[in-house]
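Q: Following this message is one structure expressed as structure tokens.
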Amino acid sequence: MEKPLISVIVPVYNVKEYLPRCVASLQAQTYPNLEILLVDDGSDDGTGQLCDSLGAEDERIRVFHKENGGSSSARNLGIEQARGEYLGFVDSDDYVEYNMYALLQEAIGKYGVKAAQIGRDEISQEGERLPDICVPPSSPECIEPEDFLRELLLHRGDCSFCTKLLKKEVFQGRRFPEGVLNEDFHLLVEMLPDIGGIVSLPERGYHVFCRMGSNTRRNTGFSRVFSDNVDNADMVMELVKKQYPALYKQARRFGLYQRLDYMLHIPISEMKGENQEYGRIKGYLRRYWAEGMANPFLTPQNKAYLTLLAAAPKTVRRIHKKVKRL
């Protein structure tokens with residue numbers, strides 16, 4: 001009996017040097033029924049032509065070209081075009097182990113769930129392994145939605161779609177938000193109640209290649225990344241209030257933490273009265289200061305920053321800047 005089709009969606013933008021390794025790792029998959037969707041997001045360095053060449057060499061590869069719109073828009077086009085019962089996502093400068101999708105699909109069938117994830121590691125441009133961001137379990141485990149969300153709110157979970165395989169049905173009526181960063185967190189949190197349990201595997205099957213200038217990890221400026229983190233915190237707080245009230249303290253911790261991160265990175269020159277976003281975040285820290293000080297999920301260091309940044313954020317940042325220089 002033929003295995004169900006897996007569609008692996010790869011957003012591609014100006015990554016000619018690294019794309020062959022990524023595609024080769026997908027072509028080497030032991031899973032027998034797989035298609036590879038290369039979505040060229042308006043590349044202008046010859047990557048689009050490379051996609052066409054790779055597609056001509058392997059009938060499993062389907063190539064799509066579009067105007068530049070970002071990784072989310074490329075993924076969304078891939079979702080529309082995917083023929084598979086399952087969807088996976090790989091960033092074009094990363095690569096995967098030969099058996100990753102076989103392990104993930106087997107786990108979904110064994111546990112009767114709609115999604116599975118595998119461990120990952122981070123590799124520097126110099127080829128050195130970096131400290132773990134997410135630590136996989138020592139053995140396979142099925143994590144319920146509320147427990148999975150708890151780990152995300154405590155910055156211990158893995159929200160990346162690249163480490164996961166999901167049934168396509170969970171994308172019904174849902175797409176990656178475009179024009180924002182941390183879109184994986186936003187979409188995963190939104191679909192968690194419908195996914196049910198997620199199987200987490202101990203193997204490190206996904207290799208994140210951290211390089212300067214990466215399409216998915218490049219520096220896109222202060223305001224977007226930190227503002228999007230705050231927006232995600234507000235979004236998840238509303239979800240928690242409605243569906244996971246037991247996670248309220250973790251969600252409040254998450255909201256305060258993301259705002260402290262904002263305050264520690266905003267240019268001092270932008271910490272002024274006419275900056276409405278800055279004013280709202282400063283007001284939030286002051287409004288929830290007492291709640292934060294009583295929150296068991298904030299560390300003593302978090303609480304110290306909360307007290308200082310709520311009271312005198314600009315002065316604290318000036319001192320912080322001088323200390324970092326020393």
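So you can find residues: chains in the structure tokens are A, B, ... in the order shown, residues in each start at 1, and ligands are numbered from 1 in order.
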Give me the segment 201-299 of chain A side of the contact with segment 148-164 of chain A, cut-off 9 Å, one line per residue showing its nearest atom pair and distance in Å at one decimal, counting only C-alpha atoms, sorted by chain and residue number, as a Markdown table.
A:
| residue | atom | partner | partner_atom | distance |
| --- | --- | --- | --- | --- |
| A:Gly205 | CA | A:Thr163 | CA | 7.8 |
| A:Tyr206 | CA | A:Thr163 | CA | 6.1 |
| A:Ala233 | CA | A:Leu153 | CA | 8.8 |
| A:Val236 | CA | A:Leu153 | CA | 8.8 |
| A:Leu247 | CA | A:Arg150 | CA | 6.7 |
| A:Gln250 | CA | A:Leu153 | CA | 5.9 |
| A:Ala251 | CA | A:Leu153 | CA | 6.0 |
| A:Arg252 | CA | A:Leu153 | CA | 8.9 |
| A:Arg253 | CA | A:Leu153 | CA | 7.7 |
| A:Phe254 | CA | A:Leu153 | CA | 5.5 |
| A:Gly255 | CA | A:Leu153 | CA | 8.9 |
| A:Phe297 | CA | A:Leu154 | CA | 7.7 |
Q: Residues of the last selection are to be written out with N, CA, C and O atoms, as a PDB file, in the first residue's frame.
A:
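Generated output (result.pdb):
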ATOM      1  N   GLY A 205      16.816  15.858  13.858  1.00  0.00           N
ATOM      2  CA  GLY A 205      16.722  15.632  12.422  1.00  0.00           C
ATOM      3  C   GLY A 205      16.813  16.877  11.576  1.00  0.00           C
ATOM      4  O   GLY A 205      16.966  16.788  10.356  1.00  0.00           O
ATOM      5  N   TYR A 206      16.721  18.055  12.214  1.00  0.00           N
ATOM      6  CA  TYR A 206      16.730  19.309  11.456  1.00  0.00           C
ATOM      7  C   TYR A 206      17.947  20.125  11.856  1.00  0.00           C
ATOM      8  O   TYR A 206      18.221  20.320  13.038  1.00  0.00           O
ATOM      9  N   ALA A 233       2.474  38.404  22.025  1.00  0.00           N
ATOM     10  CA  ALA A 233       2.166  38.244  23.446  1.00  0.00           C
ATOM     11  C   ALA A 233       0.722  38.640  23.744  1.00  0.00           C
ATOM     12  O   ALA A 233       0.031  37.977  24.527  1.00  0.00           O
ATOM     13  N   VAL A 236      -1.615  35.868  22.295  1.00  0.00           N
ATOM     14  CA  VAL A 236      -1.667  34.630  23.067  1.00  0.00           C
ATOM     15  C   VAL A 236      -2.361  34.847  24.411  1.00  0.00           C
ATOM     16  O   VAL A 236      -3.010  33.935  24.940  1.00  0.00           O
ATOM     17  N   LEU A 247      -3.260  28.879  32.385  1.00  0.00           N
ATOM     18  CA  LEU A 247      -1.945  29.380  31.958  1.00  0.00           C
ATOM     19  C   LEU A 247      -1.837  30.895  32.071  1.00  0.00           C
ATOM     20  O   LEU A 247      -0.919  31.499  31.509  1.00  0.00           O
ATOM     21  N   GLN A 250       1.559  32.236  33.301  1.00  0.00           N
ATOM     22  CA  GLN A 250       2.607  32.041  32.294  1.00  0.00           C
ATOM     23  C   GLN A 250       2.440  33.049  31.151  1.00  0.00           C
ATOM     24  O   GLN A 250       3.438  33.581  30.634  1.00  0.00           O
ATOM     25  N   ALA A 251       1.190  33.301  30.759  1.00  0.00           N
ATOM     26  CA  ALA A 251       0.943  34.255  29.676  1.00  0.00           C
ATOM     27  C   ALA A 251       1.298  35.678  30.105  1.00  0.00           C
ATOM     28  O   ALA A 251       1.832  36.456  29.308  1.00  0.00           O
ATOM     29  N   ARG A 252       1.010  36.030  31.360  1.00  0.00           N
ATOM     30  CA  ARG A 252       1.397  37.358  31.845  1.00  0.00           C
ATOM     31  C   ARG A 252       2.908  37.483  31.892  1.00  0.00           C
ATOM     32  O   ARG A 252       3.484  38.507  31.537  1.00  0.00           O
ATOM     33  N   ARG A 253       3.566  36.416  32.347  1.00  0.00           N
ATOM     34  CA  ARG A 253       5.030  36.401  32.328  1.00  0.00           C
ATOM     35  C   ARG A 253       5.553  36.632  30.916  1.00  0.00           C
ATOM     36  O   ARG A 253       6.489  37.402  30.695  1.00  0.00           O
ATOM     37  N   PHE A 254       4.929  35.965  29.932  1.00  0.00           N
ATOM     38  CA  PHE A 254       5.352  36.080  28.539  1.00  0.00           C
ATOM     39  C   PHE A 254       5.196  37.534  28.062  1.00  0.00           C
ATOM     40  O   PHE A 254       6.094  38.087  27.418  1.00  0.00           O
ATOM     41  N   GLY A 255       4.061  38.143  28.378  1.00  0.00           N
ATOM     42  CA  GLY A 255       3.825  39.516  27.963  1.00  0.00           C
ATOM     43  C   GLY A 255       4.810  40.492  28.568  1.00  0.00           C
ATOM     44  O   GLY A 255       5.298  41.410  27.897  1.00  0.00           O
ATOM     45  N   PHE A 297       6.943  32.802  37.655  1.00  0.00           N
ATOM     46  CA  PHE A 297       7.651  32.391  36.437  1.00  0.00           C
ATOM     47  C   PHE A 297       8.636  33.445  35.933  1.00  0.00           C
ATOM     48  O   PHE A 297       9.331  33.208  34.950  1.00  0.00           O
TER      49      PHE A 297
END
Q: So which residues touch Gln49 of chain A within 12 Å, counting only C-alpha atoms, skipping near sequence neighbours fewer than 6 positions away, as an NGL selection string?
A: :A and (12-16 or 19 or 38-40 or 42-43 or 55-56 or 63-65)
Q: Go ahead and write the selection's residues with N, CA and C atoms as an mmCIF file, in the first residue's frame.
A:
data_model
loop_
_atom_site.group_PDB
_atom_site.id
_atom_site.type_symbol
_atom_site.label_atom_id
_atom_site.label_comp_id
_atom_site.auth_asym_id
_atom_site.auth_seq_id
_atom_site.Cartn_x
_atom_site.Cartn_y
_atom_site.Cartn_z
ATOM 1 N N VAL A 12 12.392 30.218 -1.176
ATOM 2 C CA VAL A 12 13.746 30.423 -1.693
ATOM 3 C C VAL A 12 13.937 31.891 -2.058
ATOM 4 N N TYR A 13 15.008 32.491 -1.544
ATOM 5 C CA TYR A 13 15.334 33.862 -1.930
ATOM 6 C C TYR A 13 16.839 34.084 -1.852
ATOM 7 N N ASN A 14 17.478 34.292 -3.004
ATOM 8 C CA ASN A 14 18.902 34.636 -3.091
ATOM 9 C C ASN A 14 19.768 33.737 -2.205
ATOM 10 N N VAL A 15 19.671 32.452 -2.455
ATOM 11 C CA VAL A 15 20.398 31.487 -1.623
ATOM 12 C C VAL A 15 21.091 30.446 -2.499
ATOM 13 N N LYS A 16 21.606 30.906 -3.612
ATOM 14 C CA LYS A 16 22.188 30.018 -4.624
ATOM 15 C C LYS A 16 23.299 29.133 -4.061
ATOM 16 N N LEU A 19 21.332 26.384 -1.514
ATOM 17 C CA LEU A 19 20.158 25.629 -1.923
ATOM 18 C C LEU A 19 20.468 24.191 -2.336
ATOM 19 N N LEU A 38 9.720 24.162 -4.490
ATOM 20 C CA LEU A 38 10.640 25.294 -4.378
ATOM 21 C C LEU A 38 9.891 26.546 -4.802
ATOM 22 N N VAL A 39 9.704 27.477 -3.880
ATOM 23 C CA VAL A 39 8.957 28.701 -4.172
ATOM 24 C C VAL A 39 9.953 29.847 -4.218
ATOM 25 N N ASP A 40 10.317 30.261 -5.427
ATOM 26 C CA ASP A 40 11.273 31.351 -5.625
ATOM 27 C C ASP A 40 10.575 32.679 -5.363
ATOM 28 N N GLY A 42 11.115 35.840 -5.808
ATOM 29 C CA GLY A 42 11.660 37.005 -6.493
ATOM 30 C C GLY A 42 13.167 37.134 -6.397
ATOM 31 N N SER A 43 13.883 36.013 -6.387
ATOM 32 C CA SER A 43 15.351 36.069 -6.320
ATOM 33 C C SER A 43 15.924 36.820 -7.508
ATOM 34 N N GLY A 55 14.649 21.375 -10.706
ATOM 35 C CA GLY A 55 13.354 20.798 -11.048
ATOM 36 C C GLY A 55 13.408 19.933 -12.291
ATOM 37 N N ALA A 56 14.249 20.333 -13.243
ATOM 38 C CA ALA A 56 14.368 19.568 -14.484
ATOM 39 C C ALA A 56 15.049 18.225 -14.267
ATOM 40 N N VAL A 63 8.560 23.736 -9.168
ATOM 41 C CA VAL A 63 9.115 25.075 -8.977
ATOM 42 C C VAL A 63 8.046 26.125 -9.259
ATOM 43 N N PHE A 64 7.999 27.138 -8.399
ATOM 44 C CA PHE A 64 7.069 28.263 -8.575
ATOM 45 C C PHE A 64 7.857 29.560 -8.411
ATOM 46 N N HIS A 65 7.547 30.535 -9.248
ATOM 47 C CA HIS A 65 8.195 31.843 -9.175
ATOM 48 C C HIS A 65 7.147 32.901 -8.850
#
Q: Any idea what's packed within 7 Å of His207 of chain A, counting only C-alpha atoms, ignoring anything in its chain fewer than 2 positions away? Could you give it as a ChimeraX atom specification?
A: /A:94-96,120-123,205,209
Q: Calculate how many Å separate atom CA of Val199 of chain A from atom CA of Asn99 of chain A, rounding to one decimal.
A: 16.3 Å
Q: Name the residues of segment 119-282 of chain A that fall into helix (DSSP H, G or I) according to DSSP on the backbone, using the chain letters and numbers of this document, as a compact mmCIF listing (two decimals) with N, CA and C atoms, in the first residue's frame.
A:
# COMPACT_ATOMS: atom_id res chain seq x y z
N PRO A 145 -2.06 20.07 23.92
CA PRO A 145 -1.98 21.48 23.52
C PRO A 145 -1.66 22.43 24.67
N GLU A 146 -2.31 22.24 25.82
CA GLU A 146 -2.07 23.16 26.93
C GLU A 146 -0.64 23.06 27.45
N ASP A 147 -0.11 21.84 27.50
CA ASP A 147 1.27 21.66 27.94
C ASP A 147 2.25 22.22 26.92
N PHE A 148 1.92 22.06 25.64
CA PHE A 148 2.79 22.58 24.59
C PHE A 148 2.84 24.11 24.66
N LEU A 149 1.67 24.72 24.85
CA LEU A 149 1.60 26.17 24.94
C LEU A 149 2.35 26.67 26.17
N ARG A 150 2.26 25.94 27.27
CA ARG A 150 2.97 26.34 28.48
C ARG A 150 4.47 26.45 28.21
N GLU A 151 5.02 25.46 27.50
CA GLU A 151 6.45 25.49 27.19
C GLU A 151 6.80 26.67 26.31
N LEU A 152 5.93 27.00 25.35
CA LEU A 152 6.18 28.16 24.51
C LEU A 152 6.19 29.45 25.33
N LEU A 153 5.25 29.56 26.25
CA LEU A 153 5.14 30.78 27.07
C LEU A 153 6.33 30.93 28.01
N LYS A 168 -2.33 18.35 6.33
CA LYS A 168 -2.70 19.56 5.62
C LYS A 168 -4.03 20.12 6.10
N GLU A 169 -4.88 19.27 6.63
CA GLU A 169 -6.21 19.71 7.06
C GLU A 169 -6.16 20.78 8.13
N VAL A 170 -5.08 20.83 8.92
CA VAL A 170 -5.03 21.83 10.00
C VAL A 170 -4.78 23.23 9.44
N PHE A 171 -4.42 23.32 8.15
CA PHE A 171 -4.23 24.63 7.51
C PHE A 171 -5.52 25.14 6.85
N GLU A 183 6.26 34.66 12.63
CA GLU A 183 4.97 34.21 12.13
C GLU A 183 4.68 32.77 12.51
N ASP A 184 5.72 31.97 12.74
CA ASP A 184 5.50 30.58 13.15
C ASP A 184 4.78 30.51 14.49
N PHE A 185 5.24 31.31 15.42
CA PHE A 185 4.59 31.34 16.74
C PHE A 185 3.13 31.70 16.60
N HIS A 186 2.84 32.74 15.83
CA HIS A 186 1.47 33.22 15.68
C HIS A 186 0.56 32.12 15.13
N LEU A 187 0.98 31.48 14.03
CA LEU A 187 0.11 30.49 13.41
C LEU A 187 0.00 29.23 14.26
N LEU A 188 1.10 28.78 14.85
CA LEU A 188 1.05 27.55 15.64
C LEU A 188 0.13 27.72 16.85
N VAL A 189 0.24 28.84 17.53
CA VAL A 189 -0.62 29.09 18.69
C VAL A 189 -2.08 29.13 18.27
N GLU A 190 -2.33 29.72 17.11
CA GLU A 190 -3.70 29.82 16.61
C GLU A 190 -4.31 28.45 16.32
N MET A 191 -3.47 27.53 15.80
CA MET A 191 -4.03 26.23 15.41
C MET A 191 -3.89 25.15 16.50
N LEU A 192 -3.21 25.45 17.59
CA LEU A 192 -2.99 24.46 18.63
C LEU A 192 -4.27 23.76 19.11
N PRO A 193 -5.36 24.50 19.38
CA PRO A 193 -6.55 23.82 19.86
C PRO A 193 -7.10 22.78 18.90
N ASP A 194 -6.87 22.97 17.59
CA ASP A 194 -7.39 22.02 16.60
C ASP A 194 -6.40 20.90 16.29
N ILE A 195 -5.13 21.11 16.58
CA ILE A 195 -4.14 20.07 16.31
C ILE A 195 -4.30 18.90 17.28
N PHE A 222 14.98 47.15 14.25
CA PHE A 222 14.45 47.03 15.61
C PHE A 222 12.94 46.90 15.64
N SER A 223 12.24 47.83 15.04
CA SER A 223 10.82 47.98 15.30
C SER A 223 10.00 46.74 14.95
N ARG A 224 10.31 46.10 13.84
CA ARG A 224 9.50 44.97 13.41
C ARG A 224 9.61 43.78 14.36
N VAL A 225 10.82 43.35 14.63
CA VAL A 225 10.96 42.11 15.39
C VAL A 225 10.44 42.26 16.81
N PHE A 226 10.76 43.35 17.47
CA PHE A 226 10.35 43.48 18.86
C PHE A 226 8.88 43.87 18.97
N SER A 227 8.39 44.65 18.03
CA SER A 227 6.96 44.98 18.03
C SER A 227 6.13 43.74 17.75
N ASP A 228 6.58 42.90 16.83
CA ASP A 228 5.84 41.68 16.51
C ASP A 228 5.82 40.73 17.71
N ASN A 229 6.92 40.70 18.47
CA ASN A 229 6.94 39.87 19.68
C ASN A 229 5.89 40.34 20.68
N VAL A 230 5.75 41.65 20.82
CA VAL A 230 4.74 42.19 21.74
C VAL A 230 3.34 41.88 21.23
N ASP A 231 3.12 42.02 19.92
CA ASP A 231 1.81 41.69 19.35
C ASP A 231 1.46 40.23 19.58
N ASN A 232 2.44 39.35 19.42
CA ASN A 232 2.20 37.92 19.66
C ASN A 232 1.84 37.67 21.13
N ALA A 233 2.47 38.40 22.03
CA ALA A 233 2.17 38.24 23.45
C ALA A 233 0.72 38.64 23.74
N ASP A 234 0.26 39.70 23.11
CA ASP A 234 -1.13 40.13 23.31
C ASP A 234 -2.10 39.12 22.72
N MET A 235 -1.74 38.59 21.55
CA MET A 235 -2.59 37.60 20.90
C MET A 235 -2.73 36.35 21.76
N VAL A 236 -1.61 35.87 22.29
CA VAL A 236 -1.67 34.63 23.07
C VAL A 236 -2.36 34.85 24.41
N MET A 237 -2.27 36.05 24.97
CA MET A 237 -2.98 36.32 26.21
C MET A 237 -4.49 36.20 26.01
N GLU A 238 -5.00 36.71 24.89
CA GLU A 238 -6.43 36.60 24.61
C GLU A 238 -6.85 35.14 24.44
N LEU A 239 -5.99 34.35 23.77
CA LEU A 239 -6.28 32.92 23.62
C LEU A 239 -6.32 32.23 24.97
N VAL A 240 -5.36 32.53 25.82
CA VAL A 240 -5.28 31.91 27.14
C VAL A 240 -6.51 32.25 27.97
N LYS A 241 -6.94 33.48 27.93
CA LYS A 241 -8.13 33.88 28.71
C LYS A 241 -9.36 33.09 28.28
N LYS A 242 -9.46 32.80 26.98
CA LYS A 242 -10.64 32.11 26.48
C LYS A 242 -10.57 30.60 26.61
N GLN A 243 -9.39 30.02 26.37
CA GLN A 243 -9.31 28.57 26.26
C GLN A 243 -8.38 27.89 27.26
N PRO A 245 -7.30 29.13 30.72
CA PRO A 245 -7.18 30.05 31.87
C PRO A 245 -6.15 29.61 32.91
N ALA A 246 -5.85 28.33 32.96
CA ALA A 246 -4.85 27.86 33.92
C ALA A 246 -3.45 28.37 33.60
N LEU A 247 -3.26 28.88 32.39
CA LEU A 247 -1.95 29.38 31.96
C LEU A 247 -1.84 30.90 32.07
N TYR A 248 -2.75 31.51 32.82
CA TYR A 248 -2.76 32.97 32.88
C TYR A 248 -1.43 33.54 33.38
N LYS A 249 -0.86 32.98 34.44
CA LYS A 249 0.39 33.53 34.99
C LYS A 249 1.55 33.37 34.01
N GLN A 250 1.56 32.24 33.30
CA GLN A 250 2.61 32.04 32.29
C GLN A 250 2.44 33.05 31.15
N ALA A 251 1.19 33.30 30.76
CA ALA A 251 0.94 34.26 29.68
C ALA A 251 1.30 35.68 30.10
N ARG A 252 1.01 36.03 31.36
CA ARG A 252 1.40 37.36 31.84
C ARG A 252 2.91 37.48 31.89
N ARG A 253 3.57 36.42 32.35
CA ARG A 253 5.03 36.40 32.33
C ARG A 253 5.55 36.63 30.92
N PHE A 254 4.93 35.97 29.93
CA PHE A 254 5.35 36.08 28.54
C PHE A 254 5.20 37.53 28.06
N GLY A 255 4.06 38.14 28.38
CA GLY A 255 3.82 39.52 27.96
C GLY A 255 4.81 40.49 28.57
N LEU A 256 5.13 40.32 29.85
CA LEU A 256 6.10 41.19 30.50
C LEU A 256 7.51 40.96 29.93
N TYR A 257 7.87 39.70 29.75
CA TYR A 257 9.19 39.36 29.24
C TYR A 257 9.42 39.98 27.85
N GLN A 258 8.43 39.85 26.96
CA GLN A 258 8.59 40.39 25.61
C GLN A 258 8.72 41.90 25.64
N ARG A 259 8.03 42.55 26.56
CA ARG A 259 8.13 44.00 26.66
C ARG A 259 9.45 44.44 27.28
N LEU A 260 9.97 43.67 28.22
CA LEU A 260 11.30 43.96 28.75
C LEU A 260 12.34 43.84 27.64
N ASP A 261 12.20 42.83 26.80
CA ASP A 261 13.10 42.65 25.66
C ASP A 261 13.03 43.86 24.73
N TYR A 262 11.83 44.34 24.49
CA TYR A 262 11.63 45.55 23.68
C TYR A 262 12.38 46.73 24.31
N MET A 263 12.17 46.94 25.60
CA MET A 263 12.77 48.08 26.29
C MET A 263 14.30 48.01 26.32
N LEU A 264 14.85 46.80 26.32
CA LEU A 264 16.30 46.65 26.37
C LEU A 264 16.95 46.79 24.99
N HIS A 265 16.15 46.89 23.94
CA HIS A 265 16.70 46.97 22.58
C HIS A 265 16.29 48.22 21.81
N ILE A 268 17.77 54.40 22.27
CA ILE A 268 17.44 55.42 23.27
C ILE A 268 16.84 56.65 22.61
N SER A 269 17.26 56.93 21.39
CA SER A 269 16.73 58.10 20.67
C SER A 269 15.24 57.99 20.38
N GLU A 270 14.69 56.75 20.41
CA GLU A 270 13.27 56.55 20.15
C GLU A 270 12.44 56.49 21.43
N GLN A 276 4.25 56.50 20.37
CA GLN A 276 3.08 55.94 21.06
C GLN A 276 3.30 54.48 21.47
N GLU A 277 3.97 53.72 20.65
CA GLU A 277 4.20 52.31 20.99
C GLU A 277 5.07 52.21 22.25
N TYR A 278 6.12 53.00 22.29
CA TYR A 278 6.98 53.04 23.48
C TYR A 278 6.17 53.43 24.71
N GLY A 279 5.31 54.41 24.56
CA GLY A 279 4.48 54.85 25.67
C GLY A 279 3.55 53.76 26.17
N ARG A 280 2.96 53.00 25.23
CA ARG A 280 2.06 51.90 25.62
C ARG A 280 2.81 50.82 26.37
N ILE A 281 4.01 50.50 25.91
CA ILE A 281 4.78 49.44 26.55
C ILE A 281 5.26 49.86 27.94
N LYS A 282 5.67 51.11 28.05
CA LYS A 282 6.06 51.63 29.36
C LYS A 282 4.86 51.60 30.31
Q: Would you list the contacts of Asp93 of chain A as an MDAnalysis selection string, taking every protein, DNA or RNA residue within 9 Å and counting only C-alpha atoms, but skipping same-chain residues closer than 4 positions in sequence?
A: chainID A and resid 12 15 17:22 208:211 214:215
Q: Once you have the residues from the selection above, write them out as a short mmCIF file (atom, residue, chain, number, x, y, z; two decimals), in the first residue's frame, restricted to N, CA, C and O atoms.
A:
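Ended up saving to result-v6.cif:
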data_model
loop_
_atom_site.label_atom_id
_atom_site.label_comp_id
_atom_site.auth_asym_id
_atom_site.auth_seq_id
_atom_site.Cartn_x
_atom_site.Cartn_y
_atom_site.Cartn_z
N VAL A 12 12.39 30.22 -1.18
CA VAL A 12 13.75 30.42 -1.69
C VAL A 12 13.94 31.89 -2.06
O VAL A 12 13.12 32.47 -2.80
N VAL A 15 19.67 32.45 -2.46
CA VAL A 15 20.40 31.49 -1.62
C VAL A 15 21.09 30.45 -2.50
O VAL A 15 21.17 29.27 -2.16
N GLU A 17 24.07 29.65 -3.13
CA GLU A 17 25.20 28.91 -2.60
C GLU A 17 24.76 27.73 -1.74
O GLU A 17 25.45 26.69 -1.69
N TYR A 18 23.63 27.85 -1.05
CA TYR A 18 23.24 26.85 -0.07
C TYR A 18 22.07 25.97 -0.50
O TYR A 18 21.84 24.92 0.10
N LEU A 19 21.33 26.38 -1.51
CA LEU A 19 20.16 25.63 -1.92
C LEU A 19 20.47 24.19 -2.34
O LEU A 19 19.71 23.28 -1.99
N PRO A 20 21.55 23.93 -3.07
CA PRO A 20 21.81 22.53 -3.46
C PRO A 20 21.91 21.58 -2.27
O PRO A 20 21.41 20.46 -2.34
N ARG A 21 22.56 22.02 -1.19
CA ARG A 21 22.66 21.15 -0.01
C ARG A 21 21.28 20.88 0.59
O ARG A 21 20.97 19.75 0.98
N CYS A 22 20.46 21.93 0.67
CA CYS A 22 19.11 21.78 1.21
C CYS A 22 18.30 20.78 0.38
O CYS A 22 17.71 19.84 0.92
N VAL A 208 19.74 23.71 11.60
CA VAL A 208 19.60 25.14 11.33
C VAL A 208 20.98 25.71 11.04
O VAL A 208 21.90 25.60 11.86
N PHE A 209 21.14 26.31 9.86
CA PHE A 209 22.41 26.91 9.49
C PHE A 209 22.32 28.41 9.74
O PHE A 209 21.60 29.13 9.03
N CYS A 210 23.02 28.87 10.75
CA CYS A 210 22.97 30.29 11.14
C CYS A 210 24.03 31.07 10.38
O CYS A 210 25.22 30.91 10.64
N ARG A 211 23.60 31.89 9.46
CA ARG A 211 24.54 32.68 8.67
C ARG A 211 24.06 34.13 8.60
O ARG A 211 22.87 34.41 8.68
N SER A 214 20.90 35.62 6.16
CA SER A 214 19.88 34.62 5.87
C SER A 214 18.53 35.26 5.65
O SER A 214 18.14 36.20 6.33
N ASN A 215 17.80 34.72 4.69
CA ASN A 215 16.46 35.26 4.39
C ASN A 215 15.54 35.19 5.58
O ASN A 215 14.73 36.06 5.82
#
